[in-house]
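> The following file, protein_13.cif, comprises mmCIF, C-alpha atoms:
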data_my_file
loop_
_atom_site.group_PDB
_atom_site.id
_atom_site.type_symbol
_atom_site.label_atom_id
_atom_site.label_comp_id
_atom_site.auth_asym_id
_atom_site.auth_seq_id
_atom_site.Cartn_x
_atom_site.Cartn_y
_atom_site.Cartn_z
ATOM 1 C CA MET A 1 75.080 -86.507 -102.406
ATOM 2 C CA SER A 2 73.971 -82.901 -102.348
ATOM 3 C CA LEU A 3 76.414 -80.160 -103.311
ATOM 4 C CA THR A 4 77.039 -79.258 -99.638
ATOM 5 C CA GLN A 5 78.272 -82.803 -98.973
ATOM 6 C CA TYR A 6 81.197 -82.198 -101.369
ATOM 7 C CA ILE A 7 82.568 -79.296 -99.299
ATOM 8 C CA ASP A 8 86.035 -80.063 -97.848
ATOM 9 C CA ARG A 9 86.165 -83.406 -99.679
ATOM 10 C CA LYS A 10 88.525 -84.600 -102.361
ATOM 11 C CA TYR A 11 86.851 -86.291 -105.267
ATOM 12 C CA ASP A 12 87.728 -88.531 -108.201
ATOM 13 C CA VAL A 13 86.479 -88.553 -111.760
ATOM 14 C CA MET A 14 83.939 -91.341 -112.135
ATOM 15 C CA ALA A 15 85.562 -94.145 -114.151
ATOM 16 C CA PHE A 16 82.450 -96.338 -114.282
ATOM 17 C CA GLN A 17 79.448 -94.637 -115.875
ATOM 18 C CA ASN A 18 75.817 -95.670 -115.351
ATOM 19 C CA VAL A 19 76.243 -96.276 -111.598
ATOM 20 C CA SER A 20 73.033 -96.756 -109.644
ATOM 21 C CA PRO A 21 72.864 -96.992 -105.826
ATOM 22 C CA ALA A 22 70.161 -99.678 -106.103
ATOM 23 C CA GLY A 23 69.196 -102.290 -108.655
ATOM 24 C CA ASP A 24 71.211 -103.871 -111.438
ATOM 25 C CA THR A 25 72.775 -101.634 -114.063
ATOM 26 C CA LEU A 26 75.395 -102.322 -116.694
ATOM 27 C CA LEU A 27 78.490 -100.250 -115.952
ATOM 28 C CA ARG A 28 80.553 -98.757 -118.729
ATOM 29 C CA MET A 29 84.241 -98.152 -118.025
ATOM 30 C CA GLU A 30 84.692 -94.697 -119.540
ATOM 31 C CA LEU A 31 85.436 -91.225 -118.217
ATOM 32 C CA PHE A 32 82.873 -89.456 -120.387
ATOM 33 C CA ASP A 33 80.348 -90.031 -123.156
ATOM 34 C CA THR A 34 77.708 -87.951 -124.929
ATOM 35 C CA LYS A 35 75.628 -87.659 -121.731
ATOM 36 C CA HIS A 36 78.335 -87.543 -119.024
ATOM 37 C CA ASN A 37 81.399 -85.330 -119.175
ATOM 38 C CA GLY A 38 83.651 -85.714 -116.197
ATOM 39 C CA THR A 39 81.177 -86.750 -113.515
ATOM 40 C CA ILE A 40 82.760 -86.685 -110.067
ATOM 41 C CA VAL A 41 82.478 -89.251 -107.310
ATOM 42 C CA THR A 42 83.083 -89.178 -103.565
ATOM 43 C CA GLY A 43 82.034 -91.076 -100.445
ATOM 44 C CA MET A 44 81.122 -94.747 -100.592
ATOM 45 C CA GLN A 45 80.960 -94.728 -104.388
ATOM 46 C CA LYS A 46 84.526 -93.364 -104.514
ATOM 47 C CA LEU A 47 85.668 -96.224 -102.270
ATOM 48 C CA ALA A 48 83.872 -98.791 -104.440
ATOM 49 C CA GLN A 49 85.564 -97.352 -107.518
ATOM 50 C CA ARG A 50 89.001 -97.371 -105.848
ATOM 51 C CA TRP A 51 88.476 -100.998 -104.830
ATOM 52 C CA LEU A 52 87.320 -102.081 -108.298
ATOM 53 C CA LEU A 53 90.203 -100.379 -110.081
ATOM 54 C CA GLU A 54 92.740 -101.943 -107.710
ATOM 55 C CA PHE A 55 91.105 -105.398 -107.898
ATOM 56 C CA LEU A 56 90.938 -105.386 -111.715
ATOM 57 C CA THR A 57 94.538 -104.176 -112.120
ATOM 58 C CA GLU A 58 96.945 -107.049 -112.544
ATOM 59 C CA VAL A 59 99.732 -106.824 -109.973
ATOM 60 C CA GLY A 60 103.000 -105.781 -111.596
ATOM 61 C CA SER A 61 101.297 -104.160 -114.591
ATOM 62 C CA MET A 62 101.982 -100.561 -113.503
ATOM 63 C CA PRO A 63 105.563 -99.400 -114.129
ATOM 64 C CA GLY A 64 106.878 -97.701 -111.018
ATOM 65 C CA LEU A 65 104.163 -99.233 -108.820
ATOM 66 C CA PRO A 66 104.954 -102.982 -108.987
ATOM 67 C CA ARG A 67 102.947 -103.917 -105.871
ATOM 68 C CA ARG A 68 99.714 -102.203 -106.902
ATOM 69 C CA GLY A 69 96.830 -104.316 -108.151
ATOM 70 C CA SER A 70 95.870 -107.868 -107.315
ATOM 71 C CA SER A 71 96.542 -111.419 -108.471
ATOM 72 C CA PHE A 72 92.914 -112.026 -109.473
ATOM 73 C CA MET A 73 93.164 -110.968 -113.121
ATOM 74 C CA ALA A 74 96.387 -112.972 -113.544
ATOM 75 C CA ASP A 75 94.464 -116.038 -112.358
ATOM 76 C CA VAL A 76 91.677 -115.186 -114.820
ATOM 77 C CA ARG A 77 94.195 -114.777 -117.655
ATOM 78 C CA LYS A 78 95.765 -118.171 -116.843
ATOM 79 C CA GLY A 79 92.353 -119.841 -117.056
ATOM 80 C CA THR A 80 92.496 -121.270 -113.525
ATOM 81 C CA LEU A 81 89.060 -120.146 -112.319
ATOM 82 C CA GLY A 82 86.684 -122.933 -113.261
ATOM 83 C CA THR A 83 84.774 -123.507 -110.007
ATOM 84 C CA PHE A 84 83.343 -121.480 -107.151
ATOM 85 C CA SER A 85 86.147 -122.767 -104.945
ATOM 86 C CA ASP A 86 88.760 -121.524 -107.451
ATOM 87 C CA ILE A 87 87.186 -118.067 -107.529
ATOM 88 C CA ALA A 88 86.817 -117.942 -103.732
ATOM 89 C CA SER A 89 90.467 -118.873 -103.167
ATOM 90 C CA SER A 90 91.743 -116.360 -105.703
ATOM 91 C CA PHE A 91 89.387 -113.688 -104.352
ATOM 92 C CA ILE A 92 90.589 -114.097 -100.755
ATOM 93 C CA PHE A 93 94.217 -113.468 -101.692
ATOM 94 C CA ALA A 94 93.390 -110.679 -104.144
ATOM 95 C CA ALA A 95 90.999 -108.877 -101.768
ATOM 96 C CA ALA A 96 93.623 -108.960 -98.994
ATOM 97 C CA ALA A 97 96.178 -107.342 -101.324
ATOM 98 C CA VAL A 98 93.643 -104.737 -102.451
ATOM 99 C CA ARG A 99 92.760 -103.892 -98.853
ATOM 100 C CA ALA A 100 96.438 -103.514 -97.910
ATOM 101 C CA ASN A 101 97.148 -101.332 -100.954
ATOM 102 C CA LEU A 102 94.159 -99.076 -100.329
ATOM 103 C CA GLN A 103 94.984 -98.717 -96.631
ATOM 104 C CA LEU A 104 98.545 -97.646 -97.498
ATOM 105 C CA GLU A 105 97.234 -94.582 -99.310
ATOM 106 C CA GLU A 106 94.560 -93.699 -96.720
ATOM 107 C CA THR A 107 95.177 -91.338 -93.829
ATOM 108 C CA SER A 108 93.212 -90.640 -90.665
ATOM 109 C CA ALA A 109 92.123 -87.356 -92.279
ATOM 110 C CA TRP A 110 90.089 -89.249 -94.892
ATOM 111 C CA PRO A 111 86.346 -89.599 -94.195
ATOM 112 C CA ASP A 112 85.414 -93.078 -92.965
ATOM 113 C CA ASP A 113 83.012 -93.632 -95.889
ATOM 114 C CA GLU A 114 86.028 -93.471 -98.239
ATOM 115 C CA ARG A 115 88.213 -95.859 -96.210
ATOM 116 C CA ILE A 116 88.135 -99.630 -96.739
ATOM 117 C CA ALA A 117 86.984 -101.979 -94.013
ATOM 118 C CA VAL A 118 86.484 -105.243 -95.900
ATOM 119 C CA ALA A 119 85.351 -106.733 -99.202
ATOM 120 C CA ALA A 120 83.527 -110.036 -99.303
ATOM 121 C CA LEU A 121 82.689 -112.409 -102.128
ATOM 122 C CA LEU A 122 78.908 -112.889 -102.133
ATOM 123 C CA THR A 123 78.214 -114.953 -105.236
ATOM 124 C CA ALA A 124 79.807 -116.565 -108.239
ATOM 125 C CA ALA A 125 77.792 -117.958 -111.126
ATOM 126 C CA PHE A 126 79.138 -119.504 -114.307
ATOM 127 C CA LEU A 127 78.074 -119.121 -117.918
ATOM 128 C CA PRO A 128 80.076 -120.476 -120.852
ATOM 129 C CA GLY A 129 83.303 -118.474 -120.834
ATOM 130 C CA PHE A 130 82.211 -116.097 -118.044
ATOM 131 C CA ALA A 131 81.899 -115.903 -114.296
ATOM 132 C CA ARG A 132 79.572 -113.386 -112.700
ATOM 133 C CA ILE A 133 80.886 -112.511 -109.263
ATOM 134 C CA GLY A 134 79.090 -110.429 -106.664
ATOM 135 C CA VAL A 135 81.166 -108.486 -104.151
ATOM 136 C CA LYS A 136 80.161 -106.467 -101.092
ATOM 137 C CA ILE A 137 82.560 -103.607 -100.340
ATOM 138 C CA SER A 138 82.265 -102.109 -96.841
ATOM 139 C CA SER A 139 83.660 -98.829 -95.558
ATOM 140 C CA ARG A 140 84.896 -97.957 -92.076
ATOM 141 C CA ALA A 141 81.700 -95.889 -91.716
ATOM 142 C CA GLY A 142 79.653 -99.093 -91.967
ATOM 143 C CA GLU A 143 78.262 -98.287 -95.414
ATOM 144 C CA ASN A 144 78.522 -100.806 -98.223
ATOM 145 C CA ARG A 145 78.070 -101.252 -101.951
ATOM 146 C CA GLN A 146 77.414 -104.431 -103.822
ATOM 147 C CA VAL A 147 78.980 -104.739 -107.248
ATOM 148 C CA ILE A 148 78.653 -107.432 -109.887
ATOM 149 C CA LEU A 149 81.601 -108.174 -112.144
ATOM 150 C CA PRO A 150 81.283 -110.149 -115.375
ATOM 151 C CA ILE A 151 84.705 -111.783 -115.733
ATOM 152 C CA SER A 152 85.778 -113.737 -118.800
ATOM 153 C CA THR A 153 87.087 -117.115 -117.630
ATOM 154 C CA LEU A 154 88.699 -118.029 -120.936
ATOM 155 C CA PRO A 155 92.490 -117.982 -120.905
ATOM 156 C CA GLU A 156 94.091 -115.084 -122.787
ATOM 157 C CA ASN A 157 95.444 -117.293 -125.576
ATOM 158 C CA PHE A 158 92.182 -119.230 -126.130
ATOM 159 C CA ASN A 159 91.176 -119.323 -129.810
#
Just dump the structure as structure tokens.

Amino acid sequence: MSLTQYIDRKYDVMAFQNVSPAGDTLLRMELFDTKHNGTIVTGMQKLAQRWLLEFLTEVGSMPGLPRRGSSFMADVRKGTLGTFSDIASSFIFAAAAVRANLQLEETSAWPDDERIAVAALLTAAFLPGFARIGVKISSRAGENRQVILPISTLPENFN
């Protein structure tokens, strides 16, 4: 976005560094590093970040906000995601909760490229101890972002 596109918009601090609008890049979950100090995000990328943070937050893990988050990471922690069907089932429930949570905080004054329309599971591939899931997040403006999440599939107490 150019600087003029930020006028009259609210923005977030970018929580995932190394974002690229095209191609595969490894994201780092950090607010700043030696090259980036408080980068801001808005538009479709802001929506993608909101969705990811909500999806990766285990429901009930935020004191005072017990309904925020999704059940997906709890399923991961329990070690119940061993097949594509397992991931798809968990994703459907989790994505519905994420959508509902995000819509509760949105207002009609928000730009459509920052409001959730739908998120869809595109792919799931398995490596020993990991699942690589691809998700397409779509805004009410019709824009979308595809994100790839490497998720450990080993239960929390696995040694």
> Can you turn the PyMOL selection byres ((chain A and resi 120-128) around 8) into a concrete residue list for this file, as an MDAnalysis selection string?
chainID A and resid 84 87:88 91 95 118:119 129:137
> Quick one: distance from CA of Pro66 in chain A to CA of Leu52 in chain A in Å, one decimal?
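Answer for the CA of Pro66 in chain A to CA of Leu52 in chain A separation: 17.7 Å.
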> Calculate how many Å separate CA of Asp75 in chain A from CA of Arg140 in chain A, rounding to one decimal.
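For CA of Asp75 in chain A relative to CA of Arg140 in chain A, the distance reads 28.8 Å.
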> Excluding same-chain residues fewer than 6 positions from Ala96 in chain A, what lies within 12 Å of it counting only C-alpha atoms, as a list of chain:residue names?
A:Trp51, A:Glu54, A:Phe55, A:Gly69, A:Ser70, A:Ser71, A:Phe72, A:Ser89, A:Ser90, A:Leu102, A:Gln103, A:Ile116, A:Ala117, A:Val118, A:Ala119, A:Ala120, A:Leu121
> May I have the centre and edge lengths, in Å to one decimal, of an axis-aligned box around the listed atoms of range 73-87 of chain A with 5 Å added to every side, as JSON?

{"center_x": 89.9, "center_y": -117.2, "center_z": -111.3, "size_x": 23.0, "size_y": 22.5, "size_z": 22.7}
> Given the choices A:Met62, A:Ala97, A:Val147, A:Val76, which gets closest to Gln45 in chain A if the distance is worked out from all atoms listed in the file?
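Checking each of A:Met62, A:Ala97, A:Val147, A:Val76 against Gln45 in chain A, counting all atoms listed in the file, the winner is A:Val147.
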> So the first atom is CA of Ala109 in chain A and the second is CA of Ile40 in chain A; what is the distance between them in Å, to one decimal place?
20.1 Å
> Need the shell around Ser139 in chain A: protein/DNA/RNA residues with any atom at most 9 Å away, counting only C-alpha atoms. Skip same-chain ones fewer than 3 positions apart. Format as a list of chain:residue names?
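Selected residues are A:Met44, A:Leu47, A:Ala48, A:Asp112, A:Asp113, A:Glu114, A:Arg115, A:Ile116, A:Ala117, A:Val118, A:Ala119, A:Gly142, A:Glu143, A:Asn144, A:Arg145.
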> Write the residues of the selection above to a file with C-alpha atoms, as a PDB file, in the coordinates of the input.

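Result file result_17.pdb:
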ATOM      1  CA  MET A  44      81.122 -94.747-100.592  1.00  0.00           C
ATOM      2  CA  LEU A  47      85.668 -96.224-102.270  1.00  0.00           C
ATOM      3  CA  ALA A  48      83.872 -98.791-104.440  1.00  0.00           C
ATOM      4  CA  ASP A 112      85.414 -93.078 -92.965  1.00  0.00           C
ATOM      5  CA  ASP A 113      83.012 -93.632 -95.889  1.00  0.00           C
ATOM      6  CA  GLU A 114      86.028 -93.471 -98.239  1.00  0.00           C
ATOM      7  CA  ARG A 115      88.213 -95.859 -96.210  1.00  0.00           C
ATOM      8  CA  ILE A 116      88.135 -99.630 -96.739  1.00  0.00           C
ATOM      9  CA  ALA A 117      86.984-101.979 -94.013  1.00  0.00           C
ATOM     10  CA  VAL A 118      86.484-105.243 -95.900  1.00  0.00           C
ATOM     11  CA  ALA A 119      85.351-106.733 -99.202  1.00  0.00           C
ATOM     12  CA  GLY A 142      79.653 -99.093 -91.967  1.00  0.00           C
ATOM     13  CA  GLU A 143      78.262 -98.287 -95.414  1.00  0.00           C
ATOM     14  CA  ASN A 144      78.522-100.806 -98.223  1.00  0.00           C
ATOM     15  CA  ARG A 145      78.070-101.252-101.951  1.00  0.00           C
TER      16      ARG A 145
END
> Counting all atoms listed in the file, which residue out of A:Ser152, A:Ala100, A:Pro63, A:Thr39 sits closest to Leu81 in chain A?
A:Ser152
> Given the choices A:Trp110, A:Ser85, A:Ala94, A:Lys78, which gets closest to Thr153 in chain A if the distance is worked out from only C-alpha atoms?
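Closest candidate: A:Lys78.
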> Hey, which of A:Leu56, A:Thr83, A:Gln49, A:Gly43 ends up closest to Pro150 in chain A? Count only C-alpha atoms.
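Checking each candidate against Pro150 in chain A, we get A:Leu56 as the closest.
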